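These notes concern the structure reproduced below.
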Amino acid sequence: MNELGRIAPIEKPDRRLSPSSAYDLASDPALLDDLIHEATAVRDSGHGNIITYSRNVFVPLTHLCRDVCHYCTFAHQPSTIKSPYMSRSEVLEVARNAAAMGCTEVLFTLGDKPEQRYTAARETLADLGHETTISYLAEIAGLVHQETGLLAHVNPGVIDEAEIKLLRQVSASQGLMLESTAERLCERGGPHFGSPDKIPARRLETLRLAGVNKVPTTSGILIGIGETRHERIDALLALRDLHDRYGHLQEIIIQNFKPKPATQMADHREPAFEDLLWTIAMARLLFGPDMNIQAPPNLLAEDRSKVIAAGINDWGGVSPLTPDFVNPEAPWPQIAELAHQTARSGKLLCERLAVYPKYVANAEAWLDEGVVGAVLRHSDATGLAREENWFAGMGGDVPVRAPVETAENTRPKSENSIDLALKRAATEEPLSLKDTVSLLNARGTDVERVCEAADDLRRRVCGDDITYVINRNINYTNICSFRCAFCAFSKSSTKNDLRDKPYVRESDEVVSMAADAIARGATEVCMQGGIHPSYTGDTYLGHTRAVHDAFPELHIHGFSPLEIWHGAQTLEISIADFLSRMKAAGLSSLPGTAAEILDDEIRDVICPDKLNTKLWLEILETAHGLGIPTTATIMFGHVEKPIHVARHLLHIRNLQIRTGGFTEFVPLPFVHMEAPIALKNRARRGPTYREAILMHAVARLTLHPHISNIQTSWVKMGLEGAKACLKAGCNDLGGVLMSESISRAAGSAHGQEFRVDEMHDLIHSIARQPRQRRTDYGSLSR
């Protein structure tokens, strides 16, 4: 404390309260407001304006338990329940209903080791083919995962290391409430007397073993059962020590005791609301800004905004389907109601998964290989839950966003990172890496603010014209010796699966396709293909020369940087020499494809044998130096994070500052349906709709004023998605793309061709003006 008796801000780098300071604060209830004020600041420094929850379903696998906690109504005697265990079919029915309602988590709760107390439990387990409850739980969790894709969070009680490892194979996270470290609560007259699994040392050992085995774990304390504030601090510090050693505690729950009828503690007074607030604030200050602190919302009879102020950043699981079987007298709040109450505190409610983003980001270390795929399928780029069921390349309507509160009190009181980034963008100050990441992470009303800023900038730079080019894609082969993990287009010479058979088009067929394109009004052909093992630079030169000789006025936009590198390598000449030959043969511009994500951390995962970031940039810079303009692309929504996207944008901007050779920037959302990396459960299912729209808007703001044209891919976004991008900073619809095949091979429902009259109709529908352009963005009079 400072000399005025108030709590001084915690100055330590980790912003965590020392044990001695915590114990000092335990004896002065007058400091509650100051404690809460500091807890708010610490929480906000780690979690900003986000409060999370998990949309889950509660599955009480068994109500039998060998323990006799004096406050519990979850545990029953065999004679009072229909069956000792839920059957496989019963669990699956609940899980399938939950999946249909949009849940991502199945919460398995059960009593401790009932087979050690009840004959009925042992007999039923034997009938089910198991000796222990944990063995049956592992089977059921695996079955639910396999049949529904839901992520299991298991609360198995006190278990040994072998059981932890078994459950790790089928669950995204595990949970064990420490409750208290006060051993006296296990003595006669205490709430845990007669409950061997409530002995603190046993619970701490299970939590320790979870850390040793890298299991994302939920724990916490139960307050109001007879412990003192000093004892609460003891328990929190015990958990902190474990987390400091292993880093595995993903959240700390502060749960308030609620007396229940027909229990030994029915007349025991529940803790005062102020006592709950004090404990939440103390937990926040002990654990610092990064820990997730949770308070179950259904146990809060008073103003939830005060609980938010005390330092929580998570509401826990909220089920739209099942009750809280541990506290059946306390119904879950409606999610819309919880979002409203959260917004009144200036916070945004966001859905998370059963495993928190920190562990999703390092899934290979923290999750079993069999679970990673399901986590990624449900995850967005930050590790939170996908917000909608929209996927790039699929048909159907775009998501309709529920209204987000816009009252003044829902905005943070002080400027946040998005405010500062938008201010810089408004003054045309270059956005930093941190600014770009902040804008890419926008949620709620901030998404609209970013998109509006991008569209205002588009209007000032490009006016209200929306441009397009009449072109044809000519893919001369889909045979490729590279094995990019995201690519469903390429084939080996003998591979006949997926959508298309291997093919090779000779120069006369390429010329014929170009002739057909010209007859249909095309001014450009885009020529790309796989890296055929028998191709050399002469192949690319031959195709280019044949088309240019036949149609000298036709713009040849062709050959990715990978093909340019391959051509130079096979002819044993420099990149510059090969590009010079290609230009002399008739090449007009290069597509800036094969960029994917310009960050080698990501390229090592999705295209390890492809050009690295440095070489890709060098090839494009060489082309610009020779007077060959190029486009620039990004392919996003697979394994990258916002930081990688931001680095990519700054690479493009920095090169453009040096050369001025990019004509446009084209975001390409990852189409996952047939992509090998997605089929192998090693990638997300493309960007969310929010992420896809923001990508275009942030590109406009970050690349300004160096790149004026931002294109949206109607093939990837769909027509309604493309409209949204045109209202978020884009000024170009790309080409009509006769014979588009790369996105179609990945599973896109869009593609082949977008007729000019249809394109005009789309543009007019948003009160903008269509304008046909050349590849270099010059106008055409027709």
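Chain lettering (A, B, ...) mirrors the order of the structure tokens, residue numbering begins at 1 for each chain separately, and ligand numbering begins at 1 in order of display.
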Could you find all residues in stretch 229-431 of chain A that DSSP calls helix (DSSP H, G or I) from the backbone, and write them as number ranges by chain? A: 229-246, 273-287, 297-299, 304-309, 335-344, 357-360, 363-366, 369-378, 408-410, 417-426
Pick out the residues sitting within 7 Å of stretch 439-456 of chain A, and hand them over as a ChimeraX atom specification; count only C-alpha atoms, and ignore anything fewer than 4 positions along from it in its own chain. /A:348,404,418,435,460,642,694-695,697-698,700-701,727-729
Taking N, CA and C atoms for each residue, export the selection above as a short mmCIF file (atom, residue, chain, number, x, y, z; two decimals), in the first residue's frame.
data_model
loop_
_atom_site.label_atom_id
_atom_site.label_comp_id
_atom_site.auth_asym_id
_atom_site.auth_seq_id
_atom_site.Cartn_x
_atom_site.Cartn_y
_atom_site.Cartn_z
N LEU A 348 -16.97 -7.00 -24.67
CA LEU A 348 -17.58 -7.76 -25.76
C LEU A 348 -17.54 -9.24 -25.43
N VAL A 404 -25.01 -5.36 -32.31
CA VAL A 404 -24.10 -5.18 -31.18
C VAL A 404 -24.40 -3.85 -30.54
N ILE A 418 -7.08 -0.19 -31.30
CA ILE A 418 -7.79 0.02 -32.57
C ILE A 418 -8.06 1.51 -32.77
N ASP A 435 -0.10 -1.97 -35.11
CA ASP A 435 -1.37 -1.40 -35.57
C ASP A 435 -2.12 -2.40 -36.44
N ARG A 460 -11.97 8.05 -51.33
CA ARG A 460 -11.09 9.19 -51.62
C ARG A 460 -10.05 8.86 -52.69
N PRO A 642 -2.81 -13.66 -36.91
CA PRO A 642 -2.80 -12.26 -37.36
C PRO A 642 -1.40 -11.66 -37.48
N LEU A 694 -12.33 -8.34 -42.84
CA LEU A 694 -11.29 -7.50 -42.24
C LEU A 694 -9.99 -7.56 -43.05
N MET A 695 -9.66 -8.72 -43.60
CA MET A 695 -8.43 -8.83 -44.38
C MET A 695 -8.40 -7.79 -45.49
N ALA A 697 -10.23 -4.96 -45.67
CA ALA A 697 -10.25 -3.61 -45.11
C ALA A 697 -8.88 -3.22 -44.58
N VAL A 698 -8.25 -4.12 -43.85
CA VAL A 698 -6.94 -3.81 -43.26
C VAL A 698 -5.88 -3.67 -44.36
N ARG A 700 -6.38 -2.39 -47.28
CA ARG A 700 -6.55 -1.01 -47.78
C ARG A 700 -5.84 -0.01 -46.88
N LEU A 701 -6.03 -0.14 -45.57
CA LEU A 701 -5.48 0.83 -44.63
C LEU A 701 -3.96 0.70 -44.50
N LYS A 727 -17.72 -2.97 -49.94
CA LYS A 727 -18.12 -1.93 -48.98
C LYS A 727 -17.11 -1.79 -47.85
N ALA A 728 -16.00 -2.51 -47.96
CA ALA A 728 -14.99 -2.50 -46.89
C ALA A 728 -13.61 -2.18 -47.43
N GLY A 729 -13.57 -1.37 -48.48
CA GLY A 729 -12.29 -0.89 -48.97
C GLY A 729 -11.86 -1.39 -50.33
#
Using only C-alpha atoms, determine which residues lie at most 6 Å from stretch 83-89 of chain A, disregarding the query and same-chain residues fewer than 5 positions distant; provide the list as a ChimeraX atom specification. /A:61-62,121
I need the residues from that last selection saved to file as a PDB file, in the first residue's frame (with all heavy atoms), if you can.
ATOM      1  N   LEU A  61     -22.107 -38.108 -16.599  1.00  0.00           N
ATOM      2  CA  LEU A  61     -21.939 -39.510 -16.989  1.00  0.00           C
ATOM      3  C   LEU A  61     -22.400 -40.449 -15.880  1.00  0.00           C
ATOM      4  O   LEU A  61     -22.967 -41.507 -16.138  1.00  0.00           O
ATOM      5  CB  LEU A  61     -20.475 -39.784 -17.358  1.00  0.00           C
ATOM      6  CG  LEU A  61     -20.196 -41.118 -18.021  1.00  0.00           C
ATOM      7  CD1 LEU A  61     -20.930 -41.234 -19.356  1.00  0.00           C
ATOM      8  CD2 LEU A  61     -18.698 -41.303 -18.225  1.00  0.00           C
ATOM      9  N   THR A  62     -22.143 -40.063 -14.637  1.00  0.00           N
ATOM     10  CA  THR A  62     -22.683 -40.807 -13.493  1.00  0.00           C
ATOM     11  C   THR A  62     -22.875 -39.858 -12.330  1.00  0.00           C
ATOM     12  O   THR A  62     -22.073 -38.946 -12.115  1.00  0.00           O
ATOM     13  CB  THR A  62     -21.756 -41.961 -13.056  1.00  0.00           C
ATOM     14  OG1 THR A  62     -22.330 -42.608 -11.909  1.00  0.00           O
ATOM     15  CG2 THR A  62     -20.356 -41.478 -12.727  1.00  0.00           C
ATOM     16  N   ALA A 121     -22.366 -49.916  -9.305  1.00  0.00           N
ATOM     17  CA  ALA A 121     -21.439 -49.268 -10.237  1.00  0.00           C
ATOM     18  C   ALA A 121     -20.525 -50.303 -10.873  1.00  0.00           C
ATOM     19  O   ALA A 121     -20.292 -50.296 -12.098  1.00  0.00           O
ATOM     20  CB  ALA A 121     -20.622 -48.203  -9.511  1.00  0.00           C
TER      21      ALA A 121
END
If you measure from atom CA of A:Ser417 to atom CA of A:Glu429, what distance in Å do you get, rounded to one decimal?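 These atoms are spaced 14.8 Å apart.
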With a distance cut-off of 8 Å and only C-alpha atoms, select the neighbouring residues of A:Pro561, excluding the residue or stretch itself and same-chain residues fewer than 5 positions from it, and output the selection as an MDAnalysis selection string. chainID A and resid 590:594 616 619:620
Which residues come within 9 Å of A:Thr536, counting only C-alpha atoms, excluding same-chain residues fewer than 3 positions away, as a ChimeraX atom specification? /A:532-533,539-541,566-571
Between A:Ile293, A:Val547, A:Leu733, A:Cys607, which is the closest to A:Ala585 once you count only C-alpha atoms?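 Selected residue with least distance to A:Ala585: A:Val547.
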Across A:Glu337, A:Asp234, A:Glu369, A:Asp44, the smallest distance to A:Gly311, with only C-alpha atoms counted, is shown by A:Asp44
Output as a list in words all residues of stretch 230-410 of chain A that backbone DSSP marks as strand (DSSP E).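 Checking each residue of stretch 230-410 of chain A, the strand (DSSP E) ones are Leu249, Gln250, Glu251, Ile252, Ile253, Ile254, Gln255, Asn256, Ile293, Gln294, Asp314, Trp315, Gly316, Gly317, Val318, Leu348, Leu349, Cys350, Glu351 and Arg352 of chain A.
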Those same residues, written as a compact mmCIF listing (two decimals), in the first residue's frame with N, CA, C and O atoms?
# COMPACT_ATOMS: atom_id res chain seq x y z
N LEU A 249 -2.31 -24.39 -16.28
CA LEU A 249 -3.62 -23.98 -15.77
C LEU A 249 -4.21 -22.92 -16.70
O LEU A 249 -3.77 -21.78 -16.74
N GLN A 250 -5.23 -23.33 -17.44
CA GLN A 250 -5.79 -22.42 -18.45
C GLN A 250 -6.80 -21.46 -17.86
O GLN A 250 -7.08 -20.41 -18.46
N GLU A 251 -7.35 -21.77 -16.70
CA GLU A 251 -8.29 -20.85 -16.06
C GLU A 251 -8.39 -21.18 -14.58
O GLU A 251 -8.16 -22.31 -14.15
N ILE A 252 -8.73 -20.15 -13.82
CA ILE A 252 -8.98 -20.28 -12.39
C ILE A 252 -10.42 -19.86 -12.13
O ILE A 252 -10.81 -18.72 -12.44
N ILE A 253 -11.20 -20.77 -11.58
CA ILE A 253 -12.61 -20.49 -11.28
C ILE A 253 -12.74 -20.06 -9.83
O ILE A 253 -12.20 -20.71 -8.93
N ILE A 254 -13.44 -18.98 -9.62
CA ILE A 254 -13.82 -18.57 -8.27
C ILE A 254 -15.31 -18.85 -8.14
O ILE A 254 -16.15 -18.13 -8.70
N GLN A 255 -15.63 -19.93 -7.46
CA GLN A 255 -17.02 -20.37 -7.35
C GLN A 255 -17.54 -20.12 -5.94
O GLN A 255 -16.92 -20.52 -4.96
N ASN A 256 -18.66 -19.47 -5.87
CA ASN A 256 -19.27 -19.16 -4.57
C ASN A 256 -20.21 -20.29 -4.14
O ASN A 256 -21.03 -20.78 -4.94
N ILE A 293 -9.57 -15.74 -15.48
CA ILE A 293 -10.28 -15.83 -14.20
C ILE A 293 -11.76 -15.90 -14.51
O ILE A 293 -12.30 -15.04 -15.22
N GLN A 294 -12.43 -16.90 -13.94
CA GLN A 294 -13.83 -17.18 -14.28
C GLN A 294 -14.71 -17.14 -13.04
O GLN A 294 -14.29 -17.52 -11.95
N ASP A 314 -13.87 -14.31 -18.04
CA ASP A 314 -14.55 -15.48 -18.59
C ASP A 314 -15.75 -15.84 -17.73
O ASP A 314 -15.70 -15.75 -16.49
N TRP A 315 -16.84 -16.25 -18.41
CA TRP A 315 -18.05 -16.68 -17.72
C TRP A 315 -18.15 -18.20 -17.61
O TRP A 315 -19.08 -18.71 -16.98
N GLY A 316 -17.24 -18.92 -18.24
CA GLY A 316 -17.32 -20.38 -18.18
C GLY A 316 -18.28 -20.93 -19.21
O GLY A 316 -18.66 -20.28 -20.18
N GLY A 317 -18.67 -22.18 -19.00
CA GLY A 317 -19.59 -22.82 -19.91
C GLY A 317 -21.03 -22.37 -19.70
O GLY A 317 -21.47 -22.24 -18.55
N VAL A 318 -21.73 -22.11 -20.79
CA VAL A 318 -23.15 -21.76 -20.75
C VAL A 318 -23.85 -22.67 -21.75
O VAL A 318 -23.53 -22.65 -22.94
N LEU A 348 -16.97 -7.00 -24.67
CA LEU A 348 -17.58 -7.76 -25.76
C LEU A 348 -17.54 -9.24 -25.43
O LEU A 348 -16.47 -9.78 -25.12
N LEU A 349 -18.69 -9.89 -25.49
CA LEU A 349 -18.76 -11.33 -25.21
C LEU A 349 -18.35 -12.11 -26.45
O LEU A 349 -18.92 -11.93 -27.53
N CYS A 350 -17.36 -12.99 -26.30
CA CYS A 350 -16.86 -13.80 -27.41
C CYS A 350 -16.86 -15.27 -27.00
O CYS A 350 -16.53 -15.60 -25.86
N GLU A 351 -17.20 -16.10 -27.96
CA GLU A 351 -17.23 -17.54 -27.67
C GLU A 351 -15.83 -18.13 -27.80
O GLU A 351 -15.09 -17.81 -28.73
N ARG A 352 -15.47 -18.97 -26.86
CA ARG A 352 -14.21 -19.70 -26.89
C ARG A 352 -14.48 -21.19 -26.99
O ARG A 352 -15.64 -21.64 -26.98
